[in-house]
$ cat model_4.csv   # CSV, C-alpha atoms
chain,number,residue,atom,x,y,z
A,1,MET,CA,5.2,20.8,-6.6
A,2,ILE,CA,4.8,17.0,-7.0
A,3,LEU,CA,8.3,16.6,-8.3
A,4,ASP,CA,9.7,18.8,-5.5
A,5,ALA,CA,7.8,16.6,-2.9
A,6,ALA,CA,9.1,13.4,-4.5
A,7,ARG,CA,12.7,14.6,-4.5
A,8,ALA,CA,12.5,15.7,-0.9
A,9,ALA,CA,11.0,12.3,0.0
A,10,VAL,CA,13.8,10.3,-1.8
A,11,SER,CA,16.5,12.3,0.1
A,12,ARG,CA,15.2,10.9,3.4
A,13,LEU,CA,14.6,7.2,2.4
A,14,LEU,CA,17.9,5.7,3.6
A,15,THR,CA,18.4,7.8,6.7
A,16,PRO,CA,18.7,5.9,10.0
A,17,GLU,CA,15.5,7.4,11.3
A,18,PHE,CA,13.5,5.6,8.7
A,19,ARG,CA,15.0,2.2,9.1
A,20,GLY,CA,12.9,1.2,12.1
A,21,VAL,CA,9.6,2.0,10.3
A,22,PHE,CA,10.8,0.0,7.3
A,23,PHE,CA,11.6,-3.1,9.2
A,24,LYS,CA,8.3,-3.0,11.2
A,25,SER,CA,6.1,-2.5,8.2
A,26,LEU,CA,8.0,-5.1,6.1
A,27,GLY,CA,7.9,-7.6,9.0
A,28,LEU,CA,4.1,-7.3,9.5
A,29,THR,CA,3.6,-7.5,5.7
A,30,LEU,CA,5.6,-10.8,5.4
A,31,LEU,CA,3.7,-12.2,8.4
A,32,LEU,CA,0.3,-11.3,6.9
A,33,LEU,CA,1.2,-12.8,3.5
A,34,VAL,CA,2.6,-16.0,5.1
A,35,LEU,CA,-0.7,-16.4,7.1
A,36,ALA,CA,-2.7,-15.7,3.9
A,37,TRP,CA,-0.7,-18.4,2.0
A,38,LEU,CA,-1.2,-21.0,4.8
A,39,ALA,CA,-4.9,-20.2,5.0
A,40,LEU,CA,-5.5,-20.5,1.2
A,41,ARG,CA,-3.4,-23.6,1.0
A,42,GLY,CA,-5.4,-25.1,3.9
A,43,VAL,CA,-8.6,-24.4,2.0
A,44,LEU,CA,-7.3,-26.1,-1.1
A,45,THR,CA,-5.9,-29.2,0.7
A,46,GLY,CA,-8.7,-29.5,3.2
A,47,PHE,CA,-11.8,-28.8,1.1
A,48,VAL,CA,-11.2,-28.3,-2.6
A,49,PHE,CA,-9.0,-31.3,-3.4
A,50,PRO,CA,-11.0,-33.8,-1.2
A,51,TRP,CA,-14.1,-32.6,-3.0
A,52,ILE,CA,-12.5,-33.3,-6.4
A,53,ASP,CA,-11.4,-36.8,-5.2
A,54,ALA,CA,-14.9,-37.5,-4.0
A,55,PHE,CA,-16.4,-36.2,-7.3
A,56,LEU,CA,-14.2,-38.4,-9.4
A,57,PRO,CA,-13.9,-41.6,-7.4
A,58,SER,CA,-13.4,-43.9,-10.4
A,59,MET,CA,-10.1,-42.4,-11.7
A,60,PRO,CA,-7.2,-44.8,-12.0
A,61,ASP,CA,-4.6,-44.9,-9.2
A,62,TRP,CA,-1.8,-43.5,-11.4
A,63,THR,CA,-3.8,-40.2,-11.7
A,64,SER,CA,-3.0,-39.5,-8.0
A,65,TRP,CA,0.3,-38.1,-9.3
A,66,PHE,CA,-1.8,-35.4,-11.0
A,67,GLY,CA,-3.2,-34.6,-7.5
A,68,VAL,CA,0.3,-34.2,-6.1
A,69,LEU,CA,1.4,-32.0,-9.0
A,70,ALA,CA,-1.8,-29.9,-8.7
A,71,GLY,CA,-1.1,-29.3,-5.0
A,72,VAL,CA,2.4,-28.2,-5.7
A,73,ALA,CA,1.3,-26.0,-8.6
A,74,ALA,CA,-1.5,-24.5,-6.5
A,75,SER,CA,0.9,-23.7,-3.7
A,76,LEU,CA,3.3,-22.0,-6.1
A,77,GLY,CA,0.5,-20.2,-7.8
A,78,ILE,CA,-0.7,-18.8,-4.5
A,79,ALA,CA,2.8,-17.7,-3.6
A,80,VAL,CA,3.3,-15.9,-6.9
A,81,GLY,CA,-0.1,-14.2,-6.6
A,82,LEU,CA,0.7,-13.0,-3.1
A,83,ALA,CA,4.1,-11.8,-4.3
A,84,PHE,CA,2.3,-9.3,-6.5
A,85,LEU,CA,0.6,-7.9,-3.3
A,86,ILE,CA,3.8,-7.4,-1.2
A,87,ALA,CA,4.1,-3.7,-2.1
A,88,PRO,CA,0.4,-2.7,-1.8
A,89,VAL,CA,0.0,-4.6,1.5
A,90,THR,CA,3.2,-3.0,2.8
A,91,ALA,CA,1.8,0.4,1.8
A,92,ALA,CA,-1.5,-0.3,3.7
A,93,ILE,CA,0.2,-1.6,6.8
A,94,ALA,CA,2.5,1.4,6.8
A,95,GLY,CA,-0.6,3.5,7.7
A,96,LEU,CA,0.1,2.3,11.3
A,97,PHE,CA,3.5,3.9,11.2
A,98,ILE,CA,2.9,7.0,9.1
A,99,ASP,CA,3.1,9.2,12.1
A,100,ASP,CA,6.6,8.0,12.8
A,101,VAL,CA,7.7,9.0,9.3
A,102,ALA,CA,5.8,12.3,9.5
A,103,GLN,CA,7.4,13.3,12.8
A,104,VAL,CA,10.9,12.8,11.3
A,105,VAL,CA,10.1,14.8,8.1
A,106,GLU,CA,8.4,17.6,10.0
A,107,ALA,CA,11.3,17.9,12.6
A,108,ARG,CA,14.0,17.7,10.0
A,109,ASP,CA,12.6,19.8,7.1
A,110,TYR,CA,10.0,22.0,8.8
A,111,PRO,CA,11.5,22.8,12.3
A,112,GLN,CA,10.0,26.3,12.2
A,113,ASP,CA,6.4,25.0,11.9
A,114,PRO,CA,4.3,23.6,14.7
A,115,PRO,CA,4.5,19.8,14.8
A,116,GLY,CA,1.4,17.8,13.8
A,117,LYS,CA,-0.6,15.6,16.1
A,118,ALA,CA,-0.6,11.9,15.7
A,119,VAL,CA,-3.9,10.3,14.5
A,120,PRO,CA,-5.5,8.5,17.6
A,121,LEU,CA,-4.3,4.9,17.7
A,122,VAL,CA,-7.8,3.3,17.5
A,123,ARG,CA,-8.8,5.5,14.6
A,124,GLY,CA,-5.5,4.9,12.8
A,125,ILE,CA,-6.0,1.1,13.1
A,126,VAL,CA,-9.5,1.4,11.7
A,127,LEU,CA,-8.3,3.6,8.8
A,128,SER,CA,-5.4,1.2,8.1
A,129,ALA,CA,-7.7,-1.8,8.2
A,130,LYS,CA,-10.1,-0.2,5.8
A,131,PHE,CA,-7.3,0.9,3.5
A,132,LEU,CA,-5.9,-2.6,3.6
A,133,GLY,CA,-9.2,-4.1,2.5
A,134,VAL,CA,-9.7,-1.7,-0.3
A,135,VAL,CA,-6.1,-2.0,-1.6
A,136,LEU,CA,-6.3,-5.8,-1.5
A,137,LEU,CA,-9.6,-6.0,-3.4
A,138,ALA,CA,-8.4,-3.4,-6.0
A,139,ASN,CA,-5.1,-5.1,-6.6
A,140,LEU,CA,-6.7,-8.5,-6.8
A,141,GLY,CA,-8.9,-7.1,-9.5
A,142,ALA,CA,-5.9,-5.6,-11.3
A,143,LEU,CA,-4.1,-9.0,-10.9
A,144,LEU,CA,-7.0,-10.7,-12.8
A,145,LEU,CA,-6.4,-8.3,-15.7
A,146,LEU,CA,-2.7,-9.4,-16.1
A,147,LEU,CA,-3.7,-11.4,-19.1
A,148,VAL,CA,-5.3,-8.4,-20.9
A,149,PRO,CA,-2.5,-6.5,-22.7
A,150,GLY,CA,-2.4,-2.8,-22.1
A,151,VAL,CA,-5.4,-2.9,-19.7
A,152,ASN,CA,-3.3,-4.5,-16.9
A,153,ILE,CA,-0.7,-1.7,-16.8
A,154,ALA,CA,-3.3,1.0,-17.0
A,155,ALA,CA,-5.4,-0.7,-14.2
A,156,PHE,CA,-2.3,-1.0,-12.0
A,157,PHE,CA,-1.4,2.7,-12.2
A,158,LEU,CA,-5.0,4.1,-12.1
A,159,VAL,CA,-6.1,2.0,-9.2
A,160,ASN,CA,-3.0,2.4,-7.1
A,161,GLY,CA,-2.5,6.0,-8.1
A,162,TYR,CA,-5.9,6.9,-6.8
A,163,LEU,CA,-5.9,4.8,-3.7
A,164,LEU,CA,-2.3,5.5,-2.5
A,165,GLY,CA,-2.6,9.2,-3.3
A,166,ARG,CA,-5.9,9.6,-1.5
A,167,GLU,CA,-5.0,7.6,1.6
A,168,PHE,CA,-1.5,8.9,2.2
A,169,PHE,CA,-2.5,12.5,1.6
A,170,GLU,CA,-5.4,12.2,4.0
A,171,PHE,CA,-3.2,10.6,6.7
A,172,ALA,CA,-0.7,13.4,6.4
A,173,ALA,CA,-3.4,16.1,6.4
A,174,MET,CA,-5.1,14.6,9.5
A,175,ARG,CA,-2.0,15.4,11.6
A,176,PHE,CA,-3.0,19.1,11.2
A,177,ARG,CA,-6.8,19.1,10.7
A,178,SER,CA,-9.9,17.1,11.3
A,179,GLU,CA,-10.8,14.1,9.2
A,180,PRO,CA,-13.6,15.9,7.3
A,181,ASP,CA,-11.3,18.9,6.7
A,182,ALA,CA,-8.5,16.5,5.4
A,183,LYS,CA,-11.0,14.8,3.0
A,184,ALA,CA,-12.3,18.2,1.8
A,185,MET,CA,-8.7,19.4,1.2
A,186,ARG,CA,-7.9,16.3,-0.8
A,187,ARG,CA,-11.0,16.8,-2.9
A,188,ARG,CA,-10.1,20.5,-3.6
A,189,ASN,CA,-6.7,19.3,-4.8
A,190,GLY,CA,-7.9,16.0,-6.3
A,191,GLY,CA,-5.9,16.4,-9.5
A,192,THR,CA,-2.6,17.1,-7.7
A,193,VAL,CA,-3.1,14.3,-5.2
A,194,PHE,CA,-4.0,11.8,-8.0
A,195,LEU,CA,-0.8,12.7,-10.0
A,196,ALA,CA,1.2,12.4,-6.8
A,197,GLY,CA,-0.4,8.9,-6.4
A,198,ILE,CA,0.7,8.0,-9.9
A,199,VAL,CA,4.3,8.8,-8.9
A,200,ILE,CA,3.9,6.6,-5.9
A,201,ALA,CA,2.5,3.8,-8.1
A,202,ALA,CA,5.4,4.2,-10.5
A,203,PHE,CA,7.8,3.9,-7.5
A,204,MET,CA,5.9,0.8,-6.4
A,205,ALA,CA,6.3,-0.8,-9.8
A,206,ILE,CA,10.1,-1.1,-9.4
A,207,PRO,CA,11.1,-4.5,-8.0
A,208,LEU,CA,12.8,-4.5,-4.6
A,209,VAL,CA,12.8,-0.7,-4.5
A,210,ASN,CA,9.0,-1.0,-4.0
A,211,LEU,CA,9.6,-2.3,-0.5
A,212,LEU,CA,10.4,1.3,0.4
A,213,THR,CA,7.1,2.5,-1.0
A,214,PRO,CA,5.5,3.2,2.5
A,215,LEU,CA,8.4,5.4,3.5
A,216,PHE,CA,8.5,7.2,0.2
A,217,ALA,CA,4.7,7.7,0.0
A,218,ALA,CA,4.4,8.9,3.6
A,219,ALA,CA,7.3,11.4,3.3
A,220,MET,CA,6.2,12.6,-0.1
A,221,MET,CA,2.7,13.3,1.1
A,222,VAL,CA,3.9,15.2,4.2
A,223,HIS,CA,5.8,17.5,1.9
A,224,LEU,CA,2.9,17.8,-0.6
A,225,HIS,CA,0.5,18.6,2.2
A,226,LYS,CA,2.8,21.4,3.4
A,227,MET,CA,3.1,22.8,-0.1
A,228,VAL,CA,-0.6,22.6,-0.8
A,229,SER,CA,-1.4,24.3,2.5
A,230,ALA,CA,1.0,27.1,1.7
A,231,ALA,CA,-0.6,27.5,-1.8
A,232,GLU,CA,-4.1,27.6,-0.4
A,233,ARG,CA,-3.0,30.3,2.2
A,234,SER,CA,-1.5,32.3,-0.6
A,235,ARG,CA,-4.6,32.1,-2.7
A,236,ALA,CA,-6.7,33.1,0.3
A,237,ARG,CA,-4.6,36.2,0.9
A,238,ALA,CA,-4.7,37.2,-2.8
$ encode --input "model_4.csv" --output "structure tokens"
Amino acid sequence: MILDAARAAVSRLLTPEFRGVFFKSLGLTLLLLVLAWLALRGVLTGFVFPWIDAFLPSMPDWTSWFGVLAGVAASLGIAVGLAFLIAPVTAAIAGLFIDDVAQVVEARDYPQDPPGKAVPLVRGIVLSAKFLGVVLLANLGALLLLLVPGVNIAAFFLVNGYLLGREFFEFAAMRFRSEPDAKAMRRRNGGTVFLAGIVIAAFMAIPLVNLLTPLFAAAMMVHLHKMVSAAERSRARA
């Protein structure tokens, strides 16, 4: 079921209908990361470095070059750190556009089924903001483990597998059921959803390709929700 959903999602990735969602989510992601870089750099240059200069006033003049180099290194370090967050942040922001992806998948692959209803705009923004915060904190934690061999890879897949699987599945399910019902369905099928999230995390680990993560995850979870719903109906009739 998971592999079938993944294959079906991949088949839609490069279609014209998905391009608009891709550019919108990528544009917002880059804007957010640039603003974050400017804010962090402003904190360093406006507060941290002046505090260091005041704390060490007796240093020779030639050490000012170290301050310049430290500023450049800090800017580059922030940029590298934020680069690791491009894919997860894109995935979080894509929650704002998941209904666009779901509508395309439902219309193209399930024309015989009633279409789902979009999550209300305000609720969708709240859920996306909450997801963005959780993903950022989780991936910053995973980023800190980069220096721990073995643990870093496991942390990346476990954290993102759980979060991406949970959030994208619930977004897809809420097009057809209430939020409590969507959460209950996800819990009933927790193992399947988690493994699907691992597949999404593996997709997200591929450089450049990972920019398509939101489209892939949203489409995959629309298919998975359809399959899980059919399986639950079959079990109920049995």
$ residues_near_point --input "model_4.csv" --point "(-1.0, 14.8, -7.3)" --cutoff "12 Å" --atoms "all atoms listed in the file" --output "PyMOL selection string"
chain A and resi 1-6+161-166+168-169+186-201+217+220-221+223-225+227-228
$ atom_distance --input "model_4.csv" --atom1 "CA of Ala202 (chain A)" --atom2 "CA of Phe171 (chain A)"
20.3 Å
$ atom_distance --input "model_4.csv" --atom1 "CA of Pro180 (chain A)" --atom2 "CA of Pro114 (chain A)"
20.8 Å
$ closest_residue --input "model_4.csv" --among "A:Ile125, A:Asp99, A:Lys117, A:Thr213" --to "Asn160 (chain A)" --atoms "only C-alpha atoms"
A:Thr213
$ atom_distance --input "model_4.csv" --atom1 "CA of Phe203 (chain A)" --atom2 "CA of Phe216 (chain A)"
8.4 Å
$ closest_residue --input "model_4.csv" --among "A:Val222, A:Leu215, A:Met204, A:Val126" --to "Ala173 (chain A)" --atoms "all atoms listed in the file"
A:Val222
$ residues_around --input "model_4.csv" --residues "region 16-21 of chain A" --least-positions-apart "5" --cutoff "8 Å" --atoms "all atoms listed in the file" --output "list of chain:residue names"
A:Ala94, A:Phe97, A:Asp100, A:Val101, A:Val104, A:Leu215
$ closest_residue --input "model_4.csv" --among "A:Leu14, A:Ser25, A:Val105, A:Gly42" --to "Ala219 (chain A)" --atoms "all atoms listed in the file"
A:Val105
$ closest_residue --input "model_4.csv" --among "A:Phe156, A:Leu121, A:Gly116, A:Leu211" --to "Leu30 (chain A)" --atoms "only C-alpha atoms"
A:Leu211
$ closest_residue --input "model_4.csv" --among "A:Val159, A:Pro115, A:Leu208, A:Gly27" --to "Phe176 (chain A)" --atoms "only C-alpha atoms"
A:Pro115
$ build_atoms --input "model_4.csv" --residues "region 25-36 of chain A" --atoms "all heavy atoms" --output "PDB file, in the frame of the given file"
ATOM      1  N   SER A  25       7.175  -2.341   9.201  1.00  0.00           N
ATOM      2  CA  SER A  25       6.100  -2.500   8.200  1.00  0.00           C
ATOM      3  C   SER A  25       6.408  -3.723   7.310  1.00  0.00           C
ATOM      4  O   SER A  25       5.491  -4.480   6.966  1.00  0.00           O
ATOM      5  CB  SER A  25       6.030  -1.242   7.316  1.00  0.00           C
ATOM      6  OG  SER A  25       7.233  -0.992   6.614  1.00  0.00           O
ATOM      7  N   LEU A  26       7.673  -3.972   6.959  1.00  0.00           N
ATOM      8  CA  LEU A  26       8.000  -5.100   6.100  1.00  0.00           C
ATOM      9  C   LEU A  26       7.754  -6.428   6.914  1.00  0.00           C
ATOM     10  O   LEU A  26       7.227  -7.401   6.361  1.00  0.00           O
ATOM     11  CB  LEU A  26       9.475  -5.067   5.706  1.00  0.00           C
ATOM     12  CG  LEU A  26       9.972  -6.221   4.824  1.00  0.00           C
ATOM     13  CD1 LEU A  26       9.164  -6.292   3.538  1.00  0.00           C
ATOM     14  CD2 LEU A  26      11.458  -6.074   4.523  1.00  0.00           C
ATOM     15  N   GLY A  27       8.109  -6.455   8.200  1.00  0.00           N
ATOM     16  CA  GLY A  27       7.900  -7.600   9.000  1.00  0.00           C
ATOM     17  C   GLY A  27       6.412  -7.996   9.116  1.00  0.00           C
ATOM     18  O   GLY A  27       6.020  -9.163   8.962  1.00  0.00           O
ATOM     19  N   LEU A  28       5.558  -7.011   9.370  1.00  0.00           N
ATOM     20  CA  LEU A  28       4.100  -7.300   9.500  1.00  0.00           C
ATOM     21  C   LEU A  28       3.558  -7.702   8.107  1.00  0.00           C
ATOM     22  O   LEU A  28       2.668  -8.558   8.040  1.00  0.00           O
ATOM     23  CB  LEU A  28       3.401  -5.993   9.928  1.00  0.00           C
ATOM     24  CG  LEU A  28       3.432  -5.728  11.430  1.00  0.00           C
ATOM     25  CD1 LEU A  28       2.753  -4.403  11.743  1.00  0.00           C
ATOM     26  CD2 LEU A  28       2.745  -6.849  12.197  1.00  0.00           C
ATOM     27  N   THR A  29       4.084  -7.119   7.029  1.00  0.00           N
ATOM     28  CA  THR A  29       3.600  -7.500   5.700  1.00  0.00           C
ATOM     29  C   THR A  29       3.927  -8.971   5.416  1.00  0.00           C
ATOM     30  O   THR A  29       3.054  -9.733   4.967  1.00  0.00           O
ATOM     31  CB  THR A  29       4.297  -6.633   4.624  1.00  0.00           C
ATOM     32  OG1 THR A  29       3.916  -5.278   4.817  1.00  0.00           O
ATOM     33  CG2 THR A  29       3.885  -7.066   3.222  1.00  0.00           C
ATOM     34  N   LEU A  30       5.166  -9.389   5.669  1.00  0.00           N
ATOM     35  CA  LEU A  30       5.600 -10.800   5.400  1.00  0.00           C
ATOM     36  C   LEU A  30       4.755 -11.732   6.287  1.00  0.00           C
ATOM     37  O   LEU A  30       4.331 -12.804   5.829  1.00  0.00           O
ATOM     38  CB  LEU A  30       7.058 -10.950   5.643  1.00  0.00           C
ATOM     39  CG  LEU A  30       7.962 -10.185   4.676  1.00  0.00           C
ATOM     40  CD1 LEU A  30       9.429 -10.402   5.037  1.00  0.00           C
ATOM     41  CD2 LEU A  30       7.708 -10.607   3.236  1.00  0.00           C
ATOM     42  N   LEU A  31       4.514 -11.346   7.550  1.00  0.00           N
ATOM     43  CA  LEU A  31       3.700 -12.200   8.400  1.00  0.00           C
ATOM     44  C   LEU A  31       2.300 -12.359   7.894  1.00  0.00           C
ATOM     45  O   LEU A  31       1.757 -13.473   7.855  1.00  0.00           O
ATOM     46  CB  LEU A  31       3.684 -11.584   9.833  1.00  0.00           C
ATOM     47  CG  LEU A  31       2.788 -12.304  10.858  1.00  0.00           C
ATOM     48  CD1 LEU A  31       3.283 -13.733  11.078  1.00  0.00           C
ATOM     49  CD2 LEU A  31       2.761 -11.532  12.174  1.00  0.00           C
ATOM     50  N   LEU A  32       1.707 -11.253   7.447  1.00  0.00           N
ATOM     51  CA  LEU A  32       0.300 -11.300   6.900  1.00  0.00           C
ATOM     52  C   LEU A  32       0.273 -12.176   5.668  1.00  0.00           C
ATOM     53  O   LEU A  32      -0.645 -12.981   5.505  1.00  0.00           O
ATOM     54  CB  LEU A  32      -0.142  -9.891   6.605  1.00  0.00           C
ATOM     55  CG  LEU A  32      -1.552  -9.778   6.023  1.00  0.00           C
ATOM     56  CD1 LEU A  32      -2.580 -10.288   7.021  1.00  0.00           C
ATOM     57  CD2 LEU A  32      -1.862  -8.334   5.649  1.00  0.00           C
ATOM     58  N   LEU A  33       1.255 -12.032   4.768  1.00  0.00           N
ATOM     59  CA  LEU A  33       1.200 -12.800   3.500  1.00  0.00           C
ATOM     60  C   LEU A  33       1.481 -14.300   3.790  1.00  0.00           C
ATOM     61  O   LEU A  33       0.883 -15.150   3.128  1.00  0.00           O
ATOM     62  CB  LEU A  33       2.290 -12.258   2.556  1.00  0.00           C
ATOM     63  CG  LEU A  33       1.996 -10.861   2.010  1.00  0.00           C
ATOM     64  CD1 LEU A  33       3.141 -10.388   1.120  1.00  0.00           C
ATOM     65  CD2 LEU A  33       0.697 -10.835   1.228  1.00  0.00           C
ATOM     66  N   VAL A  34       2.340 -14.633   4.746  1.00  0.00           N
ATOM     67  CA  VAL A  34       2.600 -16.000   5.100  1.00  0.00           C
ATOM     68  C   VAL A  34       1.289 -16.650   5.660  1.00  0.00           C
ATOM     69  O   VAL A  34       0.903 -17.777   5.298  1.00  0.00           O
ATOM     70  CB  VAL A  34       3.725 -16.167   6.112  1.00  0.00           C
ATOM     71  CG1 VAL A  34       3.756 -17.579   6.709  1.00  0.00           C
ATOM     72  CG2 VAL A  34       5.057 -15.870   5.431  1.00  0.00           C
ATOM     73  N   LEU A  35       0.602 -15.914   6.544  1.00  0.00           N
ATOM     74  CA  LEU A  35      -0.700 -16.400   7.100  1.00  0.00           C
ATOM     75  C   LEU A  35      -1.706 -16.579   6.002  1.00  0.00           C
ATOM     76  O   LEU A  35      -2.470 -17.560   6.014  1.00  0.00           O
ATOM     77  CB  LEU A  35      -1.168 -15.440   8.176  1.00  0.00           C
ATOM     78  CG  LEU A  35      -0.340 -15.376   9.465  1.00  0.00           C
ATOM     79  CD1 LEU A  35      -0.906 -14.316  10.409  1.00  0.00           C
ATOM     80  CD2 LEU A  35      -0.301 -16.728  10.159  1.00  0.00           C
ATOM     81  N   ALA A  36      -1.735 -15.634   5.048  1.00  0.00           N
ATOM     82  CA  ALA A  36      -2.700 -15.700   3.900  1.00  0.00           C
ATOM     83  C   ALA A  36      -2.364 -16.971   3.080  1.00  0.00           C
ATOM     84  O   ALA A  36      -3.274 -17.700   2.647  1.00  0.00           O
ATOM     85  CB  ALA A  36      -2.659 -14.477   3.085  1.00  0.00           C
TER      86      ALA A  36
END
